[in-house]
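Raw entry28.tsv, TSV, C-alpha atoms:
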```tsv
chain	number	residue	atom	x	y	z
C	1	MET	CA	116.39	49.54	65.68
C	2	ASP	CA	115.20	50.93	68.97
C	3	GLN	CA	115.11	54.67	69.24
C	4	HIS	CA	115.86	56.29	72.61
C	5	ILE	CA	113.84	59.40	73.32
C	6	ALA	CA	115.23	61.83	75.92
C	7	PRO	CA	112.69	62.73	78.57
C	8	ASN	CA	111.13	66.16	78.28
C	9	LYS	CA	111.98	68.59	81.08
C	10	THR	CA	108.29	69.24	81.54
C	11	ASP	CA	107.67	65.49	82.09
C	12	ILE	CA	110.04	65.59	85.06
C	13	VAL	CA	108.00	68.30	86.69
C	14	LYS	CA	104.72	66.44	86.04
C	15	LYS	CA	105.93	63.61	88.26
C	16	VAL	CA	105.54	65.92	91.26
C	17	LYS	CA	102.01	65.47	92.58
C	18	ASN	CA	100.06	67.52	95.10
C	19	ARG	CA	100.21	64.64	97.58
C	20	CYS	CA	104.02	64.81	97.54
C	21	LEU	CA	103.93	68.50	98.40
C	22	ILE	CA	101.46	67.92	101.26
C	23	GLU	CA	103.64	65.13	102.65
C	24	ALA	CA	106.68	67.44	102.44
C	25	LEU	CA	104.83	70.06	104.48
C	26	ILE	CA	103.74	67.51	107.08
C	27	LYS	CA	107.29	66.13	107.48
C	28	SER	CA	108.70	69.63	107.92
C	29	GLY	CA	106.15	70.42	110.65
C	30	CYS	CA	104.44	73.25	108.77
C	31	ALA	CA	100.74	73.84	109.40
C	32	LEU	CA	98.51	73.35	106.37
C	33	HIS	CA	96.34	76.38	107.08
C	34	THR	CA	99.14	78.93	106.76
C	35	SER	CA	100.72	80.48	103.69
C	36	SER	CA	103.78	81.98	105.38
C	37	CYS	CA	107.29	82.41	104.02
C	38	GLU	CA	108.28	79.21	105.84
C	39	VAL	CA	105.73	77.18	103.85
C	40	ARG	CA	106.81	78.70	100.54
C	41	SER	CA	110.46	78.14	101.38
C	42	THR	CA	109.77	74.49	102.31
C	43	LEU	CA	107.99	73.81	99.02
C	44	THR	CA	110.73	75.55	97.02
C	45	MET	CA	113.45	73.49	98.67
C	46	TYR	CA	111.46	70.30	98.10
C	47	LEU	CA	111.15	71.01	94.38
C	48	HIS	CA	114.83	71.87	94.22
C	49	ASN	CA	115.83	68.55	95.79
C	50	LYS	CA	113.31	66.70	93.62
C	51	LEU	CA	114.63	68.08	90.33
C	52	GLY	CA	118.33	68.09	91.24
C	53	ASP	CA	120.53	69.27	88.37
C	54	GLU	CA	117.50	69.88	86.19
C	55	TRP	CA	116.74	72.91	88.36
C	56	ASP	CA	119.60	74.88	86.79
C	57	SER	CA	118.45	74.07	83.28
C	58	TYR	CA	115.58	76.51	83.53
C	59	GLU	CA	115.60	80.26	83.33
C	60	ASP	CA	114.26	82.23	86.32
C	61	PHE	CA	112.91	79.16	88.13
C	62	GLU	CA	112.13	81.08	91.34
C	63	LYS	CA	110.12	83.67	89.42
C	64	CYS	CA	108.09	80.96	87.69
C	65	VAL	CA	107.45	78.88	90.76
C	66	LYS	CA	106.51	81.73	93.10
C	67	GLY	CA	103.02	82.28	91.73
C	68	LYS	CA	102.27	78.59	91.50
C	69	ILE	CA	103.29	77.95	95.11
C	70	GLU	CA	101.22	80.88	96.39
C	71	GLY	CA	98.18	79.54	94.50
C	72	PHE	CA	98.84	76.06	95.88
C	73	CYS	CA	99.01	77.38	99.46
C	74	SER	CA	95.77	79.31	99.00
C	75	THR	CA	94.02	76.16	97.72
C	76	VAL	CA	95.36	74.07	100.59
C	77	ASN	CA	94.16	76.64	103.12
C	78	LYS	CA	90.67	76.61	101.63
C	79	LYS	CA	90.42	72.80	101.51
C	80	TRP	CA	91.78	72.52	105.06
C	81	LYS	CA	89.00	74.75	106.38
C	82	GLU	CA	86.38	72.75	104.43
C	83	SER	CA	87.68	69.60	106.14
C	84	ASN	CA	87.15	71.20	109.57
C	85	ARG	CA	90.93	71.13	110.08
C	86	CYS	CA	90.96	67.32	110.38
C	87	MET	CA	93.76	65.50	108.57
C	88	SER	CA	91.82	62.25	107.98
C	89	LYS	CA	88.87	64.15	106.50
C	90	PHE	CA	91.25	66.26	104.43
C	91	LEU	CA	92.92	63.19	102.87
C	92	ILE	CA	89.61	61.40	102.15
C	93	LYS	CA	87.73	64.40	100.81
C	94	ASN	CA	90.57	65.57	98.55
C	95	GLU	CA	91.81	62.20	97.33
C	96	LYS	CA	91.37	63.08	93.65
C	97	TRP	CA	92.97	66.50	94.07
C	98	LEU	CA	95.98	64.96	95.79
C	99	GLN	CA	96.59	62.77	92.73
C	100	LEU	CA	96.77	65.79	90.43
C	101	GLU	CA	100.13	66.93	89.14
C	102	PHE	CA	101.77	70.16	90.30
C	103	ASN	CA	102.60	71.50	86.84
C	104	ILE	CA	104.92	74.50	86.41
C	105	PRO	CA	105.49	75.82	82.86
C	106	PHE	CA	109.31	76.13	82.71
C	107	ILE	CA	111.24	77.65	79.80
C	108	ALA	CA	114.62	76.18	79.05
C	109	LYS	CA	117.61	78.48	78.56
C	110	ASN	CA	118.30	77.26	75.07
C	111	GLU	CA	114.71	78.04	74.07
C	112	ILE	CA	114.93	81.71	75.02
C	113	GLY	CA	115.42	83.90	72.03
C	114	CYS	CA	114.02	81.32	69.61
C	115	GLN	CA	110.43	82.29	70.27
C	116	PRO	CA	109.10	85.82	70.49
C	117	SER	CA	108.06	86.81	73.95
C	118	THR	CA	104.40	87.63	74.46
C	119	SER	CA	104.82	88.53	78.13
C	120	ARG	CA	103.64	91.97	79.19
C	121	GLY	CA	105.27	91.80	82.60
C	122	ARG	CA	108.47	93.34	83.89
C	123	PRO	CA	111.28	93.39	81.27
C	124	SER	CA	114.31	91.21	81.93
C	125	LYS	CA	117.34	92.88	83.55
C	126	SER	CA	120.99	92.63	82.70
C	127	PHE	CA	123.21	90.59	85.00
C	128	PHE	CA	124.79	93.76	86.40
C	129	ASP	CA	121.38	95.12	87.46
C	130	LEU	CA	120.30	91.93	89.24
C	131	SER	CA	120.27	91.63	93.01
C	132	GLU	CA	122.90	89.57	94.80
C	133	ARG	CA	120.40	86.79	95.38
C	134	SER	CA	119.48	86.60	91.69
C	135	LYS	CA	123.14	86.61	90.73
C	136	ARG	CA	123.73	83.63	93.00
C	137	TRP	CA	120.88	81.76	91.30
C	138	LYS	CA	122.25	82.64	87.86
C	139	THR	CA	125.75	81.41	88.63
C	140	LYS	CA	124.90	78.45	90.83
C	141	TYR	CA	125.34	75.82	88.12
C	142	LEU	CA	128.57	77.41	86.92
C	143	ARG	CA	130.01	77.54	90.44
C	144	LYS	CA	128.92	73.97	91.10
C	145	THR	CA	130.58	72.50	88.01
C	146	THR	CA	133.70	74.74	87.74
C	147	THR	CA	136.69	75.09	90.08
C	148	SER	CA	137.79	78.45	91.46
C	149	ASP	CA	141.09	78.34	89.52
C	150	VAL	CA	139.23	78.06	86.24
C	151	LEU	CA	136.85	80.87	87.16
C	152	ILE	CA	139.75	83.17	88.16
C	153	CYS	CA	141.64	82.46	84.95
C	154	ALA	CA	138.53	83.09	82.86
C	155	ALA	CA	137.80	86.33	84.72
C	156	LYS	CA	141.39	87.57	84.32
C	157	ASN	CA	141.48	86.85	80.58
C	158	THR	CA	138.08	88.46	80.11
C	159	LEU	CA	139.25	91.61	81.89
C	160	TYR	CA	142.36	91.76	79.69
C	161	SER	CA	140.27	91.38	76.55
C	162	GLU	CA	137.96	94.20	77.70
C	163	GLY	CA	140.92	96.53	78.25
C	164	LYS	CA	140.67	96.46	82.06
C	165	ARG	CA	144.35	95.66	82.60
C	166	ALA	CA	144.59	97.23	86.06
C	167	ALA	CA	141.70	95.10	87.33
C	168	ALA	CA	143.24	91.97	85.77
C	169	GLN	CA	146.62	92.68	87.41
C	170	MET	CA	144.96	93.28	90.77
C	171	LEU	CA	143.11	89.99	90.46
C	172	SER	CA	146.44	88.24	89.83
C	173	GLN	CA	148.03	89.93	92.84
C	174	ILE	CA	145.37	88.77	95.30
C	175	THR	CA	145.00	85.20	93.96
C	176	GLU	CA	148.33	84.01	92.54
C	177	TYR	CA	150.74	85.11	95.29
C	178	SER	CA	150.90	84.67	99.07
C	179	PRO	CA	147.54	84.09	100.79
C	180	ARG	CA	148.24	87.15	102.95
C	181	ARG	CA	148.70	89.39	99.91
C	182	ALA	CA	144.95	90.03	99.71
C	183	ILE	CA	144.87	91.04	103.40
C	184	LYS	CA	147.77	93.46	102.90
C	185	ILE	CA	146.10	95.07	99.88
C	186	LYS	CA	142.85	95.40	101.83
C	187	ASN	CA	144.60	97.07	104.78
C	188	ILE	CA	146.42	99.48	102.46
C	189	TYR	CA	143.13	100.47	100.87
C	190	ILE	CA	141.43	100.98	104.23
C	191	ASN	CA	144.30	103.08	105.60
C	192	SER	CA	144.50	105.20	102.45
C	193	SER	CA	140.81	106.08	102.73
C	194	LYS	CA	141.28	107.52	106.24
C	195	THR	CA	141.53	111.30	106.34
C	196	VAL	CA	144.47	112.86	108.20
C	197	MET	CA	143.58	115.82	110.41
C	198	PRO	CA	146.50	118.29	110.47
C	199	TYR	CA	147.17	120.55	113.46
C	200	THR	CA	146.00	124.13	113.32
C	201	GLU	CA	148.43	126.88	114.34
C	202	ASP	CA	146.81	127.22	117.76
C	203	GLU	CA	146.70	123.45	118.32
C	204	ALA	CA	150.37	123.10	117.37
C	205	LEU	CA	151.28	125.95	119.72
C	206	ALA	CA	149.39	124.27	122.56
C	207	PHE	CA	151.19	121.01	121.74
C	208	ILE	CA	154.58	122.76	121.99
C	209	VAL	CA	153.68	124.42	125.28
C	210	ASP	CA	152.25	121.25	126.86
C	211	THR	CA	155.26	119.12	125.88
C	212	ARG	CA	157.83	121.91	126.53
C	213	MET	CA	159.22	121.21	123.07
C	214	THR	CA	162.02	123.38	121.73
C	215	LYS	CA	162.00	124.92	118.26
C	216	ASP	CA	164.65	122.47	116.98
C	217	ALA	CA	162.76	119.48	118.36
C	218	TYR	CA	159.56	120.69	116.70
C	219	GLN	CA	161.31	121.15	113.35
C	220	ILE	CA	162.78	117.63	113.51
C	221	THR	CA	159.39	116.14	114.41
C	222	ARG	CA	157.69	118.04	111.59
C	223	LEU	CA	160.21	116.99	108.93
C	224	GLY	CA	160.11	113.36	110.09
C	225	ALA	CA	156.32	113.29	109.78
C	226	LYS	CA	156.47	114.85	106.29
C	227	GLN	CA	158.96	112.24	105.10
C	228	ARG	CA	156.46	109.56	106.11
C	229	GLY	CA	153.60	111.18	104.22
C	230	ALA	CA	151.93	112.83	107.22
C	231	ASN	CA	152.10	116.60	106.75
C	232	ILE	CA	150.20	117.39	109.95
C	233	TYR	CA	152.44	120.01	111.60
C	234	PRO	CA	152.32	123.62	110.35
C	235	ALA	CA	155.50	125.53	109.57
C	236	TYR	CA	157.19	127.21	112.54
C	237	HIS	CA	156.70	130.75	111.21
C	238	ARG	CA	152.95	130.12	111.46
C	239	ILE	CA	153.47	129.03	115.07
C	240	ARG	CA	155.25	132.34	115.70
C	241	LEU	CA	152.25	134.24	114.28
C	242	ALA	CA	149.96	132.19	116.54
C	243	LYS	CA	152.12	133.24	119.51
C	244	GLU	CA	151.73	136.89	118.57
C	245	ARG	CA	147.95	136.51	118.56
C	246	CYS	CA	148.21	135.41	122.20
C	247	TYR	CA	149.76	138.73	123.28
C	248	PRO	CA	147.33	141.32	124.69
C	249	GLU	CA	147.55	144.99	123.86
C	250	GLY	CA	149.29	147.48	126.13
C	251	ILE	CA	152.36	145.40	127.02
C	252	GLU	CA	155.10	147.62	128.46
C	253	ILE	CA	158.66	146.32	128.73
C	254	TYR	CA	161.46	148.10	130.55
C	255	GLU	CA	164.89	147.01	131.69
C	256	GLU	CA	163.67	146.35	135.21
C	257	LYS	CA	160.06	145.19	134.62
C	258	SER	CA	157.41	144.18	132.13
C	259	SER	CA	153.72	144.81	132.71
C	260	VAL	CA	150.34	144.87	131.01
C	261	SER	CA	147.12	146.61	131.90
C	262	LEU	CA	144.72	144.32	133.75
C	263	GLN	CA	141.85	145.54	131.58
C	264	HIS	CA	143.71	144.62	128.40
C	265	LEU	CA	144.79	141.25	129.83
C	266	LEU	CA	141.27	140.18	130.85
C	267	ASP	CA	139.65	141.48	127.67
C	268	HIS	CA	142.14	139.61	125.53
C	269	THR	CA	141.84	136.39	127.58
C	270	LEU	CA	138.05	136.39	127.38
C	271	THR	CA	138.01	137.26	123.67
C	272	ARG	CA	140.39	134.39	122.86
C	273	LEU	CA	138.29	132.07	125.03
C	274	PHE	CA	135.15	132.88	123.04
C	275	GLU	CA	137.00	132.02	119.81
C	276	THR	CA	137.16	128.41	120.99
C	277	PHE	CA	133.38	128.15	121.55
C	278	GLU	CA	131.09	126.73	118.88
C	279	PHE	CA	127.85	128.70	118.99
C	280	ASP	CA	124.78	128.06	116.89
C	281	SER	CA	124.71	130.67	114.11
C	282	ASN	CA	121.06	131.43	114.99
C	283	MET	CA	121.70	131.69	118.74
C	284	ASN	CA	121.45	135.07	120.48
C	285	LEU	CA	123.59	134.59	123.58
C	286	ASP	CA	122.24	137.74	125.23
C	287	GLU	CA	118.68	136.38	124.99
C	288	VAL	CA	119.59	133.02	126.54
C	289	TYR	CA	121.85	134.12	129.44
C	290	GLU	CA	122.06	137.13	131.68
C	291	ASP	CA	124.64	138.37	134.21
C	292	LEU	CA	127.54	136.75	132.36
C	293	ASN	CA	130.55	136.74	134.65
C	294	PHE	CA	134.20	135.76	134.18
C	295	LEU	CA	135.71	134.48	137.45
C	296	CYS	CA	139.49	134.59	137.92
C	297	LYS	CA	141.91	134.18	140.77
C	298	TRP	CA	145.04	136.26	141.19
C	299	GLY	CA	147.98	136.56	143.48
C	300	CYS	CA	151.63	137.46	143.66
C	301	ASP	CA	154.86	135.54	143.98
C	302	GLY	CA	158.50	136.37	144.47
C	303	SER	CA	161.84	134.67	144.64
C	304	SER	CA	165.31	135.81	145.61
C	305	GLY	CA	168.86	134.53	145.71
C	306	HIS	CA	169.34	134.55	141.94
C	307	SER	CA	172.81	134.97	140.44
C	308	GLU	CA	173.82	138.59	139.86
C	309	TYR	CA	175.49	139.40	136.57
C	310	HIS	CA	177.78	142.31	135.70
C	311	GLN	CA	175.04	144.20	133.95
C	312	THR	CA	174.54	147.84	134.76
C	313	PHE	CA	171.08	149.35	135.10
C	314	ASN	CA	170.15	152.98	134.65
C	315	ASN	CA	168.78	152.86	138.16
C	316	GLN	CA	171.70	151.88	140.40
C	317	ASN	CA	169.31	150.69	143.14
C	318	ILE	CA	168.02	147.80	140.97
C	319	THR	CA	169.51	144.29	141.06
C	320	ASP	CA	168.56	141.05	139.35
C	321	SER	CA	168.98	138.95	142.49
C	322	SER	CA	165.22	138.85	143.18
C	323	ILE	CA	162.07	138.65	141.06
C	324	PHE	CA	158.52	139.67	141.93
C	325	LEU	CA	155.42	138.96	139.84
C	326	PHE	CA	151.64	138.93	139.86
C	327	SER	CA	149.77	135.86	138.55
C	328	LEU	CA	146.24	135.54	137.18
C	329	VAL	CA	144.39	132.31	136.40
C	330	PRO	CA	140.91	132.18	134.74
C	331	LEU	CA	138.59	129.79	136.57
C	332	ARG	CA	135.19	129.76	134.89
C	333	LEU	CA	132.66	131.67	132.83
C	334	THR	CA	129.10	131.61	134.17
C	335	GLY	CA	125.73	133.01	133.25
C	336	ILE	CA	122.17	132.83	134.57
C	337	SER	CA	119.76	131.10	132.19
C	338	LYS	CA	116.74	133.25	131.44
C	339	ILE	CA	114.60	130.12	131.04
C	340	SER	CA	115.49	128.03	134.10
C	341	LYS	CA	116.93	130.92	136.20
C	342	ASN	CA	119.81	128.62	137.14
C	343	ASN	CA	123.46	129.61	137.23
C	344	THR	CA	125.06	127.81	134.26
C	345	ILE	CA	128.78	127.20	133.76
C	346	LEU	CA	129.65	127.98	130.13
C	347	TRP	CA	133.35	127.24	130.55
C	348	LYS	CA	135.49	125.83	133.36
C	349	ASN	CA	139.27	125.63	133.62
C	350	PRO	CA	140.07	121.89	133.72
C	351	THR	CA	143.46	122.40	135.42
C	352	PRO	CA	143.49	125.56	137.53
C	353	SER	CA	147.01	126.19	138.75
C	354	SER	CA	148.15	127.17	142.22
C	355	THR	CA	150.98	129.54	143.10
C	356	HIS	CA	153.19	129.35	146.21
C	357	THR	CA	153.78	132.98	147.17
C	358	VAL	CA	156.39	134.53	149.39
C	359	GLU	CA	157.02	137.99	150.76
C	360	THR	CA	155.04	140.73	149.03
C	361	THR	CA	154.54	144.46	149.35
C	362	LYS	CA	151.35	146.21	150.32
C	363	ASN	CA	151.82	148.93	147.69
C	364	GLU	CA	151.77	146.51	144.77
C	365	VAL	CA	148.60	144.83	146.04
C	366	GLN	CA	146.85	148.16	146.56
C	367	LYS	CA	147.87	149.25	143.06
C	368	LEU	CA	146.29	146.15	141.53
C	369	GLU	CA	143.16	146.51	143.66
C	370	LYS	CA	142.73	150.01	142.28
C	371	GLU	CA	142.87	148.57	138.76
C	372	ILE	CA	140.23	146.04	139.78
C	373	THR	CA	137.84	148.77	140.87
C	374	ASP	CA	138.35	150.52	137.53
C	375	LEU	CA	137.56	147.44	135.44
C	376	LYS	CA	134.84	147.89	132.83
C	377	PRO	CA	132.67	145.13	131.35
C	378	LEU	CA	133.73	143.75	127.97
C	379	LYS	CA	131.23	144.06	125.12
C	380	LEU	CA	131.55	141.32	122.47
C	381	ASN	CA	129.74	141.01	119.15
C	382	ILE	CA	128.43	137.41	118.97
C	383	ASN	CA	126.27	136.63	115.93
C	384	ASN	CA	125.65	140.35	115.40
C	385	ASN	CA	124.46	140.71	119.01
C	386	VAL	CA	126.34	142.70	121.64
C	387	VAL	CA	127.05	140.71	124.82
C	388	SER	CA	128.28	142.42	127.99
C	389	ILE	CA	130.47	140.43	130.43
C	390	SER	CA	131.67	141.72	133.77
C	391	TYR	CA	134.75	140.63	135.77
C	392	THR	CA	135.13	139.22	139.28
C	393	MET	CA	138.61	139.05	140.82
C	394	VAL	CA	139.25	136.87	143.86
C	395	MET	CA	142.62	137.06	145.63
C	396	THR	CA	143.22	133.45	146.63
C	397	MET	CA	146.79	132.89	145.43
C	398	VAL	CA	148.50	134.00	148.64
C	399	ASP	CA	150.00	132.27	151.68
C	400	GLY	CA	150.29	133.20	155.36
C	401	LYS	CA	153.26	135.54	154.90
C	402	VAL	CA	151.38	137.61	152.36
C	403	ILE	CA	148.33	137.88	154.61
C	404	ASN	CA	150.52	139.01	157.49
C	405	THR	CA	152.09	141.68	155.30
C	406	LEU	CA	148.70	142.98	154.13
C	407	THR	CA	147.08	142.94	157.60
C	408	GLY	CA	150.18	144.09	159.48
C	409	SER	CA	150.00	141.16	161.94
C	410	SER	CA	152.87	138.91	162.97
C	411	SER	CA	152.88	135.16	162.58
```

Please express what this file holds, its structure, as structure tokens.
Amino acid sequence: MDQHIAPNKTDIVKKVKNRCLIEALIKSGCALHTSSCEVRSTLTMYLHNKLGDEWDSYEDFEKCVKGKIEGFCSTVNKKWKESNRCMSKFLIKNEKWLQLEFNIPFIAKNEIGCQPSTSRGRPSKSFFDLSERSKRWKTKYLRKTTTSDVLICAAKNTLYSEGKRAAAQMLSQITEYSPRRAIKIKNIYINSSKTVMPYTEDEALAFIVDTRMTKDAYQITRLGAKQRGANIYPAYHRIRLAKERCYPEGIEIYEEKSSVSLQHLLDHTLTRLFETFEFDSNMNLDEVYEDLNFLCKWGCDGSSGHSEYHQTFNNQNITDSSIFLFSLVPLRLTGISKISKNNTILWKNPTPSSTHTVETTKNEVQKLEKEITDLKPLKLNINNNVVSISYTMVMTMVDGKVINTLTGSSS
């Protein structure tokens, strides 16, 4: 009776001769005198195609073949130089070497563990610790011979058996339902990881002022956002406290007028402006800039013809048919750099307003000009350093009628 002997895996590798590797390099267009990554990759792919399915029967093939291929390339480089870089001389001179077998000592998977390892090299890693490339090599045969449905079912059952029920249920959600279910779950995860930036009290107050929103409208907007999981608007009582922080000291309110000292108004405006700046904690502003100056424009405005109501005033000569006011708009904050000696703009009003003025009185203007002459510089403590800032007032918010009143000329 004839006995069939299965071929040894090592015998398959012995069929690969050096000549076959040289011919593979020549066909691929690689130069024989180089030992680059391209040459090593070409030889690896050739051996992979040569062995076919037998490739996956060996453990850590790439690790085993790497040293052999590098040694082969070094030998080829040496022999190529000895042949004066002539292909015909190379083939004739190395005819015996070309007939030798390119032998790689592979270890089959089923043989691992049966024999004690005598290797002193790097210890083997677990599958979890392998790189993505090594994991692909490890699972290549499994992926090639098994469908995705079988792999998913095996993974789900393995997760259940390991007690990872949440992961198993998630795997079922993204694979067994609609194809768009995985995209929806991915978008939910991405959106949940985004941080929501709530409004501060000052930012919410600015939002209300810019949009001219009423208190009721703000409350409705805030509650609607909270119901949708976006608690970004502060409570209205905190907005009221933010409003109070905007009021300067020295406000006087009477039945016929309300006023505030110009010194208090400018000091408060500049102090609040500095609260919005982000200075380096190690920066001494007084050592970097000099002659800090806060430029503003001011003017007066009046209107008449308003409805008169049956409201009695203590002063019988007062009516509410006309209103007169002074306006002030900050323009910019400047300072001279001590290094470059250039005038630097530290802050600039992006939307300076303009006021259309009507008939004014010379006494009110002279009263405000007297306050301007009495203005004192503001001293601020910035990073434990005292900074002095002076004021410059420019009367530009007037029209021709106001100028005529102040100069006494006729239009």

Just the number, please: distance in Å from CA of Ala168 in chain C to CA of Arg180 in chain C, one decimal.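 About the pair CA of Ala168 in chain C and CA of Arg180 in chain C: they are 18.5 Å apart.
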
Atom pair CA of His237 in chain C / CA of Glu275 in chain C: separation (Å):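 Interatomic distance, CA of His237 in chain C to CA of Glu275 in chain C: 21.5 Å.
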
Determine the nearest neighbour of Met87 in chain C from the options C:Leu380, C:Pro179, C:Ile26, C:Ser41, counting all atoms listed in the file.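 Counting all atoms listed in the file, the residue closest to Met87 in chain C is C:Ile26.
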
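CA of Met197 in chain C to CA of Pro234 in chain C spans 11.7 Å [interatomic distance, one decimal].
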
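Counting all atoms listed in the file, the residue from C:Leu241, C:Ala166, C:Ile174, C:Ala225 that sits nearest to Ile152 in chain C is C:Ile174.
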
Residue neighbourhood range 343-346 of chain C, 12 Å, only C-alpha atoms, exclusion window fewer than 6 positions, as a PyMOL selection string: chain C and resi 273-274+276-279+285+288-295+331-337

Skipping near chain neighbours, those fewer than 2 positions away, what residues fall within 8 Å of Gly305 in chain C using only C-alpha atoms, listed as a list in words?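 So, after excluding close chain neighbours, the residues are Ser303, Ser307, Ser321 and Ser322 of chain C.
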
Shortest interatomic distance to Leu328 in chain C - which of C:Asn284, C:Thr42, C:Thr145, C:Thr269, counting only C-alpha atoms: C:Thr269

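Contact shell of Lys125 in chain C at 12 Å (all atoms listed in the file; same-chain neighbours under 5 positions omitted): Asp60, Leu130, Ser131, Ser134 and Lys135 of chain C.
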
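Residues with any atom within 8 Å of Ala242 in chain C, counting all atoms listed in the file and excluding same-chain neighbours fewer than 3 positions away, are Glu201, Asp202, Leu205, Arg238, Ile239, Arg245 and Cys246 of chain C.
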
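The nearest approach to Gln366 in chain C among the residues C:Lys341, C:Lys96, C:Met395, C:Thr200, with only C-alpha atoms taken into account, belongs to C:Met395.
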
Return the single residue from C:Tyr199, C:Tyr236, C:Trp80, C:Tyr141 that is closest to Lys215 in chain C, with distances computed using all atoms listed in the file. C:Tyr236
